[in-house]
Every structure is written in structure tokens, then in C-alpha cells.
Amino acid sequence: MAIGDSELVVGLGLLLVFACLGLGIFGLRWREALSRYATAVELSEGAVLIVDGGEVVETNAEAEALLGAAAGKPVRALLDAFPGPASETTLRALGGLERSGEAFHLLAADASGRSFELDGAPRGGQLRLVLRKAELLGAELERTRTAIEARTDEVAKREVETRTLTGLLASAPVLAWNRTAEGRTVWSAGKIPIQQGVVEAGDAAAIAAAHATRQERQPDPAVVDDGAAKSERFRLEVAQGGDAEPVALDVIETTGPGGARLGLAIDASNALAAERTLARFVRTMTETFAHLNVGLAIFDRNQCLVMFNPALVEMWQTDPGWMAQRPSLREILDSLRSSRRIPEMADFYDWRQRLTDLFLQADTADYEELWHLADGSDIRVRARPHPHGSLAFVFDDVTERLRLEQQYRHSVDLRRANLDRLDEGLAVFGPDGLLQLVKNAFHEIWGTDAETVRNAMHASELIPLVRGLTVETGVRERLMSYVTGSDARQAWTARLTLGTGRIIGARFASLPDGSTMALFSDVTDSERIALALRERNDALEAAEEMRGAVLDRISYRLRTPLNTVYGFAQLITDARFGALSAEQRSYADEILEAAQQLRAAVDDVTDLASLELDSPYDEGAAPSLRETLVLTAQLLKKRATEDGVTLRIAAAESDAEPPCDAGQLRQIVFSQTTDAISRCRDGGQVILGARQGRDGGVEIYTSERRGGDAPFEPAAVDGSSLTVPFLRRLVARAGGAYELRLEADATQLSSVCRFSPATRGDAAEGR
């Protein structure tokens with residue numbers, strides 16, 4: 001039980017004393033009321049009625065004035081008429097007086113509410129009734145009745161309080177006693193259970209004696225004086241038998257003005273154990289603080305240093321003996337300023353005042369600041385409330401921690417800068433599926449912005465934003481399960497096609513902490529180049545097949561019969577097979593010469609068809625368009641002459657920039673010129689040239705006329721030649737368009753290979 005419980009018990013005891021005093025006062029008031037009543041009776045004579053045989057036989061003057069002529073009237077009828085219907089109490093009292101002569105004294109009221117006093121007593125063989133006015137007596141009795149009821153309630157309350165106090169003393173572990181001014185114990189009650197038994201009320205005298213002895217040894221107890229009484233609080237130890245430890249008691253004794261003493265005692269064993277535990281805790285905490293690496297300083301409500309640890313002495317580089325003298329916070333700050341162990345302040349005095357003002361509201365103080373000292377160290381200072389209006393300051397040297405944090409932040413910033421310089425769009429999702437990092441390139445690829453895609457955004461919100469942009473649907477579901485899954489995950493890639501035709505390459509991989517990295521790159525150009533390379537490879541394969549077919553056709557259709565003709569011509573000229581005439585010899589020689597010429601022509605055509613001729617230019621060279629036209633004319637001049645065709649190069653507009661690479665250009669010009677020669681046999685004319693087109697591109701053309709301006713057949717325009725489809729395919733592969741056009745008079749035919757400026761630009765980049 002705490003000290004506050006003992007004070008409650010003392011209060012209950014005082015209530016019991018006050019109850020006894022109240023009963024005495026009630027008796028005095030009752031006697032006083034009866035005395036006043038007797039006086040009032042003596043002062044009032046009243047109206048007198050003499051009754052005999054139930055009728056009034058004699059009255060006095062006051063009766064005549066009050067009741068009129070009452071003689072000879074029945075007394076019961078007279079009483080009924082005067083106060084109204086007689087009460088049962090009045091009639092019963094009157095009957096008792098008539099039968100046994102029992103006197104009575106009653107109060108009654110007439111019809112108007114006035115109070116009267118009615119006395120009845122025997123008078124020899126007659127009855128004597130006295131009727132008096134009783135306003136004063138009635139009022140006094142009413143006040144007395146009210147006071148009695150109030151006192152009765154108070155006495156009942158005091159009885160309840162007394163029973164309660166008695167029950168508490170009987171059941172609660174508390175002792176109570178009352179001593180005189182001389183120290184004699186006149187009353188005691190209660191008991192306190194202890195280890196070896198109980199401390200009962202009989203021990204109150206021993207406790208009081210121990211207290212007296214204690215006062216002799218220690219004359220300065222904790223005294224509380226409220227003017228009317230003074231209280232003493234102290235702790236005593238009561239010895240137990242055997243080896244048991246003494247029982248600690250908390251005692252409070254109140255001394256009244258007369259010297260009487262009322263005392264209470266409760267068991268303080270738990271409180272004593274708590275105090276000892278607290279003392280051990282304080283010692284443990286002190287030893288713990290002594291081994292901490294952070295500095296600790298506790299200042300009391302007077303701003304004086306009451307506790308510090310060795311780490312603080314080392315951090316402040318000050319004398320521990322001086323700190324043990326309990327200097328104030330102001331003195332410590334001044335000393336640290338002189339030793340430059342606090343940061344340089346623009347207004348030191350204002351800063352010091354703000355620190356000392358923390359004690360004005362110590363219960364809510366919350367101070368934290370980073371001190372940058374002159375030696376380069378950084379001290380983080382915190383101030384927090386401490387019991388009883390004191391403050392605890394913690395000084396933590398965070399120099400190394402800040403240095404590592406700066407290095408880490410620098411490393412993070414460097415990596416982030418490197419990531420920002422990449423062209424790929426990067427997004428990182430945490431293990432919980434929330435977006436942790438997104439690069440600007442991601443917004444450029446997907447057309448989003450920092451407001452739409454933000455950090456801490458869940459994957460289930462981000463994926464639908466780009467859902468309508470891609471053609472593929474299975475990637476979205478797989479990515480959602482990949483981001484939110486907890487199983488072992490393998491990296492995978494995907495190819496996404498946007499509605500705009502752009503192609504996005506995606507790679508997804510798990511990070512060591514369970515996060516997911518999504519990397520996106522625009523591979524549209526790469527895909528286009530790959531597609532162009534595949535198409536070119538297909539064209540080269542087709543050309544190779546066609547070349548092989550041409551070579552086979554030439555070998556089978558030309559070389560075989562040519563070899564036969566040549567062989568038989570040699571046999572004819574051989575003398576072993578018979579002599580020839582001069583004319584026959586001449587014919588045979590012409591056959592051999594023609595066969596040789598035809599063999600040379602076939603060899604030239606075969607070499608050109610194979611397109612494996614050694615280039616007259618160095619590898620990687622880019623010959624001009626005019627040089628290509630000149631070379632083609634030189635190669636085909638002999639054939640044109642043999643076919644009776646005049647081949648020449650247009651003088652003007654033949655220095656245009658090549659529209660494609662050298663190999664393609666030679667193949668196109670050679671095929672176009674060969675096809676033109678084949679259509680203009682026997683006196684025809686072919687003009688080969690190049691010019692600027694209307695759109696700024698390049699046009700390679702041939703202008704054809706037949707001998708005698710003979711008209712061309714419509715079949716020539718339809719492209720019945722085998723070379724036209726092959727030529728059209730070559731031009732289309734080089735990014736151009738091929739057109740075969742017959743003029744209005746049908747005597748002139750033109751073939752044109754057109755290349756746009758964009759094609760020329762692509763060809764230039766390829767070179």
C-alpha cells in the first residue's frame with residue numbers, strides 16, 4: 001500500500017471521530033428545543049373548556065371569544081366545527097381521557113390553517129380542555145423536526161463511515177492508532193501480514209516507541225505543517241523472529257492542536273524492494289553509459305551538470321574534475337567556445353540563449369542539431385526531456401558516418417548519371433511490385449511523363465498504361481507474373497511492335513534483392529537494316545541463280561553448237577581428209593574465223609553475265625556515274641557494232657551523283673544498255689545518259705531509234721524481253737523505279753531508271 005492509501009485511512013478515522021462529536025451536538029440541540037417549548041407553554045394561557053358527561057359546562061373569556069357560546073354543547077361537535085373534521089388522533093386521545101383519565105397534548109389546525117395546541121387532563125369527575133394558539137411553538141417544532149431529520153441523516157452517514165472504516169481496518173494491511181500528547185496509546189486497530197506472521201494492533205505502542213527513539217536519534221523528520229496540524233512521514237523497520245529480515249513500514253503520524261496524535265502504518269516491503277531495484281538499475285545504467293561511444297550529459301532543472309560519461313570528456317577534451325564540480329550549461333558552452341569544440345556561430349549569445357531556453361519547457365523539449373567543428377569532425381547533438389524538469393543531451397560523433405554516406409551518395413549519383421546517359425529506357429520494380437526507378441528514356445520510348453509514371457506506382461497500374469500501344473498481348477501477362485512472382489526467375493527477352501510501326505526490344509531480369517529490371521530499346525532502325533540486308537541477300541541469291549542459269553544457257557545453247565561447227569570446220573581444212581579447192585578453202589577459213597569471233601563474243605558475254613569481272617577501281621572506291629557509263633559503252637561497243645547499232649553517250653547531264661553502290665550501278669547500266677541494243681538491230685541508234693530528275697533525284701536513261709526510223713512493236717513496251725523483269729528487280733532493290741516508255745510516233749523508245757533524293761542519301765551513307 002502506498003503513502004496515499006495511508007492518508008485515506010487517516011481520513012476515514014477522522015470521519016469516525018467527527019461522527020461521535022455530531023451525536024453529542026444532536027443531544028444538546030434536543031434539550032434546547034424542549035426548554036424553548038416549556039417556556040412557550042408557560043406564556044400562553046389559552047381557552048379553557050370544562051367538560052362533564054361529554055358536554056361543555058364551563059368556559060372562560062378566551063373560549064367565548066374563540067368558540068362563541070360553547071356551554072351546553074357536545075365537546076365532540078364543538079371540536080369538529082372548530083378545526084374542521086376532527087382527526088382520528090384527536091378523537092382517540094379524547095376517548096382515552098374520558099375512559100381512563102389519560103392526559104394528552106396535541107397540535108391541531110383550524111379551517112384557515114392556523115395552528116392550535118390542545119391539552120386534555122382530568123379535573124375531578126370532569127375533564128379540562130385547554131385550547132391555545134401555537135404559531136410560535138409550531139414553527140419552532142418544525143425547525144426542530146427538520147434539524148432532527150438532518151442530524152439523523154448525518155448520524156446514519158457517520159455510522160456508515162464508521163462501519164466502513166472499521167471494515168477497512170479489519171481487512172486492509174494497515175495499522176492505526178491514537179496517542180495522547182504524552183505519547184500514551186489510547187486506541188489501536190488493524191493488522192499487517194508479514195513473512196513470519198502479522199503485525200497487529202497491539203504492536204502500535206512498540207511502533208510509537210520506536211518512532212520516539214528515532215526522533216531522539218534523528219531530530220529532523222520530514223514534517224508537513226498545514227497550520228492546524230502537522231504530519232510526519234518516516235520509515236521504520238520491525239524486527240521478525242529468527243533469521244527473517246526486518247519488516248519495513250511506512251508511517252504517517254498527524255499531531256493535532258491539542259497534542260493528540262493519530263498514526264497509520266502500512267507495509268513498505270514492496271516499496272523498499274522497488275527502491276533497491278531502482279538503485280541497482282541506476283548503477284547498471286551508470287556503468288553502461290561509461291562504456292558508450294556517444295557522449296551523455298544530464299542537466300537538472302537548474303541547468304547544472306549532474307551526470308556525464310567518459311566518452312563526453314574525451315569528445316570535449318576537457319578536465320573531468322572540473323565537470324564533476326557541476327558547472328552550468330552556460331559555463332560549459334563558454335568553455336567549449338574558447339577551446340573551439342563547438343561550431344563557429346554568427347551570433348553566439350543568441351544561440352546559447354536558445355539552448356538555455358529549452359529548460360523553460362523541459363517536458364516538451366526536442367532539440368537536434370549537427371555541429372561542424374573546426375577540426376573537421378561532425379557532432380550530432382540531441383536534447384530530450386528527463387524526469388523532474390531536467391534535460392539529457394546526447395553527443396554522437398558522426399564524422400565517419402557522414403563521410404561514408406557522402407561516398408555512397410556520390411556513387412549512387414554517378415551510377416544514376418551513367419544510367420541517364422544510356423539510350424535504353426530503364427524501369428526497376430521492387431519485390432512488392434512498386435516502381436523504384438524510371439529513366440527519361442523510358443518516357444521517350446513509351447510517350448509517358450513524370451506525372452503519369454511516378455515512383456511507388458504499382459506494376460498493375462503501369463502496365464495498363466502501355467497496354468494499348470503494343471500489338472503483342474502475351475508479354476503483358478507474363479511481365480505481371482514475373483514482377484510479382486517470388487520464385488526463382490530467369491531473364492528473358494521480348495520483341496514488341498507498337499501501333500505506329502516502331503519496334504521495341506525488351507529485356508527483363510531479376511536483381512539480387514528480388515527487384516525486377518525492365519530494359520526497353522528502340523530497335524526500329526536496326527530491324528529495318530536487318531530487313532534490307534535480308535532482302536539484298538535474297539536478291540543476290542536470285543541474281544546468282546539467274547547468272548548460273550544464263551551461264552548454263554550460254555554454255556548449252558551457244559558453246560556446244562559452236563564447238564561442233566568449229567570442230568567440223570577444222571576437219572574440213574585438214575589435208576588428211578582430202579584436198580579442198582581454193583574456193584572451198586576460203587569458205588572453211590571464213591567459218592573458222594567466224595567461229596573464233598563468236599567464241600570470243602560468247603566469252604565476253606559470259607564474263608559480263610557472271611558479274612565477277614575484276615573491277616577497274618580499287619575496293620571501296622566510288623566511281624562517278626559518267627565513268628560507269630563510259631565503261632559500259634566500251635564493253636558493249638563491239639557488240640553494238642556487230643548488231644549494226646550506234647552506241648554513244650549523251651554529252652550533257654552525265655556527271656550526276658551515283659544513286660547506289662558501284663556494283664549495283666554497273667549491273668543496272670550494263671543490263672539497261674544491253675536490252676536497248678537488242679531492240680535496235682540493223683541500223684538503230686542507242687543514246688546512253690544520266691540527268692537530274694524533277695524531284696532532285698537521278699535518272700539513268702537510254703533513248704532508242706531503229707534504222708530508217710522504223711516503228712517499235714507494242715510488244716517491246718510490254719517487256720517481253722527476259723532482261724526487263726530482271727532489270728526492274730535490280731532497280732527496285734536499289735531503291736528506284738524502272739519505266740519503259742514509247743513516244744507518240746512509236747519511232748522512239750525510252751527506258752528510264754529513276755532514283756529519288758532519299759535513295760541517293762541512303763546510298764551516300766552506305767558508302
# chains A, B, ... in the order shown; residues from 1 in each chain; ligands from 1
>>> residues_around(residues="range 395-412 of chain A", least_positions_apart="6", cutoff="7 Å", atoms="only C-alpha atoms", output="list of chain:residue names")
A:Val294, A:Gly295, A:Leu296, A:Ser377, A:Asp378, A:Ile379, A:Arg380, A:Val381, A:Arg382
>>> select_by_dssp(residues="range 148-193 of chain A", states="strand (DSSP E)", output="JSON, numbers by chain")
{"A": [174, 175, 176, 177, 178, 179, 185, 186, 187, 188, 189, 190, 191, 192, 193]}
>>> select_by_dssp(residues="range 413-488 of chain A", states="alpha helix (DSSP H)", output="ChimeraX atom specification")
/A:413-421,440-446,459-465,474-484
>>> closest_residue(among="A:Glu369, A:Glu182, A:Glu699, A:Asp350", to="Gly258 in chain A", atoms="only C-alpha atoms")
A:Glu182
>>> closest_atom_pairs(of="range 408-443 of chain A", to="range 517-527 of chain A", cutoff="7 Å", atoms="only C-alpha atoms", output="tab-separated table")
residue	atom	partner	partner_atom	distance
A:Glu424	CA	A:Ser521	CA	4.7
A:Gly425	CA	A:Phe520	CA	4.9
A:Leu426	CA	A:Leu519	CA	4.8
A:Ala427	CA	A:Ala518	CA	5.2
A:Val428	CA	A:Met517	CA	4.5
A:Phe429	CA	A:Met517	CA	6.5
>>> residues_around(residues="range 585-587 of chain A", least_positions_apart="4", cutoff="9 Å", atoms="only C-alpha atoms", output="VMD selection string")
chain A and resid 572 to 573 580 to 581 591 to 592
>>> residues_around(residues="range 306-318 of chain A", least_positions_apart="6", cutoff="7 Å", atoms="only C-alpha atoms", output="list in words")
Phe289, Ala290, Leu292, Asn293, Val294, Gly295, Leu296, Ala297, Ile298, Phe299, Asp300, Arg326 and Arg341 of chain A
>>> residues_around(residues="range 541-544 of chain A", least_positions_apart="4", cutoff="9 Å", atoms="only C-alpha atoms", output="MDAnalysis selection string")
chainID A and resid 536:537 548:549 610 726 730
>>> atom_distance(atom1="CA of Gly689 in chain A", atom2="CA of Thr673 in chain A")
10.2 Å
>>> residues_around(residues="Gly72 in chain A", least_positions_apart="3", cutoff="8 Å", atoms="only C-alpha atoms", output="short mmCIF file (atom, residue, chain, number, x, y, z; two decimals) with N, CA and C atoms, in the first residue's frame")
data_model
loop_
_atom_site.label_atom_id
_atom_site.label_comp_id
_atom_site.auth_asym_id
_atom_site.auth_seq_id
_atom_site.Cartn_x
_atom_site.Cartn_y
_atom_site.Cartn_z
N GLU A 55 -70.42 17.06 27.58
CA GLU A 55 -70.88 18.39 27.20
C GLU A 55 -70.07 19.42 27.95
N VAL A 56 -69.96 20.61 27.30
CA VAL A 56 -69.21 21.71 27.88
C VAL A 56 -70.08 22.35 28.94
N VAL A 57 -69.55 22.45 30.16
CA VAL A 57 -70.33 23.02 31.26
C VAL A 57 -69.77 24.37 31.69
#
>>> residues_around(residues="range 666-668 of chain A", least_positions_apart="5", cutoff="9 Å", atoms="only C-alpha atoms", output="list in words")
Leu611, Thr628, Leu629, Leu631, Thr632, Asp661, Thr673, Leu727, Leu730, Val731 and Cys753 of chain A
>>> write_last_selection(atoms="N, CA and C atoms", output="CSV table (one decimal), in the first residue's frame")
chain,number,residue,atom,x,y,z
A,611,LEU,N,29.2,-11.2,-113.7
A,611,LEU,CA,29.4,-10.1,-112.8
A,611,LEU,C,30.5,-10.3,-111.8
A,628,THR,N,31.0,5.2,-115.0
A,628,THR,CA,30.3,3.9,-115.2
A,628,THR,C,29.7,3.8,-116.6
A,629,LEU,N,29.1,5.0,-117.1
A,629,LEU,CA,28.5,5.0,-118.4
A,629,LEU,C,29.6,4.7,-119.5
A,631,LEU,N,32.5,3.2,-119.1
A,631,LEU,CA,33.0,1.8,-119.1
A,631,LEU,C,32.0,0.8,-119.8
A,632,THR,N,30.7,1.1,-119.5
A,632,THR,CA,29.7,0.2,-120.1
A,632,THR,C,29.7,0.3,-121.6
A,661,ASP,N,25.4,1.9,-104.8
A,661,ASP,CA,26.8,1.5,-104.8
A,661,ASP,C,27.3,1.1,-106.2
A,673,THR,N,21.6,-1.1,-121.0
A,673,THR,CA,22.2,-0.8,-122.3
A,673,THR,C,22.1,-2.1,-123.2
A,727,LEU,N,15.8,-6.5,-114.8
A,727,LEU,CA,16.3,-5.1,-114.6
A,727,LEU,C,15.3,-4.3,-113.7
A,730,LEU,N,16.3,-5.3,-110.2
A,730,LEU,CA,17.6,-4.7,-109.8
A,730,LEU,C,17.4,-3.3,-109.3
A,731,VAL,N,16.6,-2.5,-110.1
A,731,VAL,CA,16.4,-1.1,-109.8
A,731,VAL,C,15.6,-0.9,-108.5
A,753,CYS,N,15.6,4.7,-115.5
A,753,CYS,CA,15.7,4.2,-114.1
A,753,CYS,C,15.8,5.4,-113.2
>>> atom_distance(atom1="CA of Asp357 in chain A", atom2="CA of Glu331 in chain A")
14.9 Å
>>> closest_residue(among="A:Leu129, A:Asp574, A:Val565, A:Ser269", to="Ala594 in chain A", atoms="only C-alpha atoms")
A:Val565
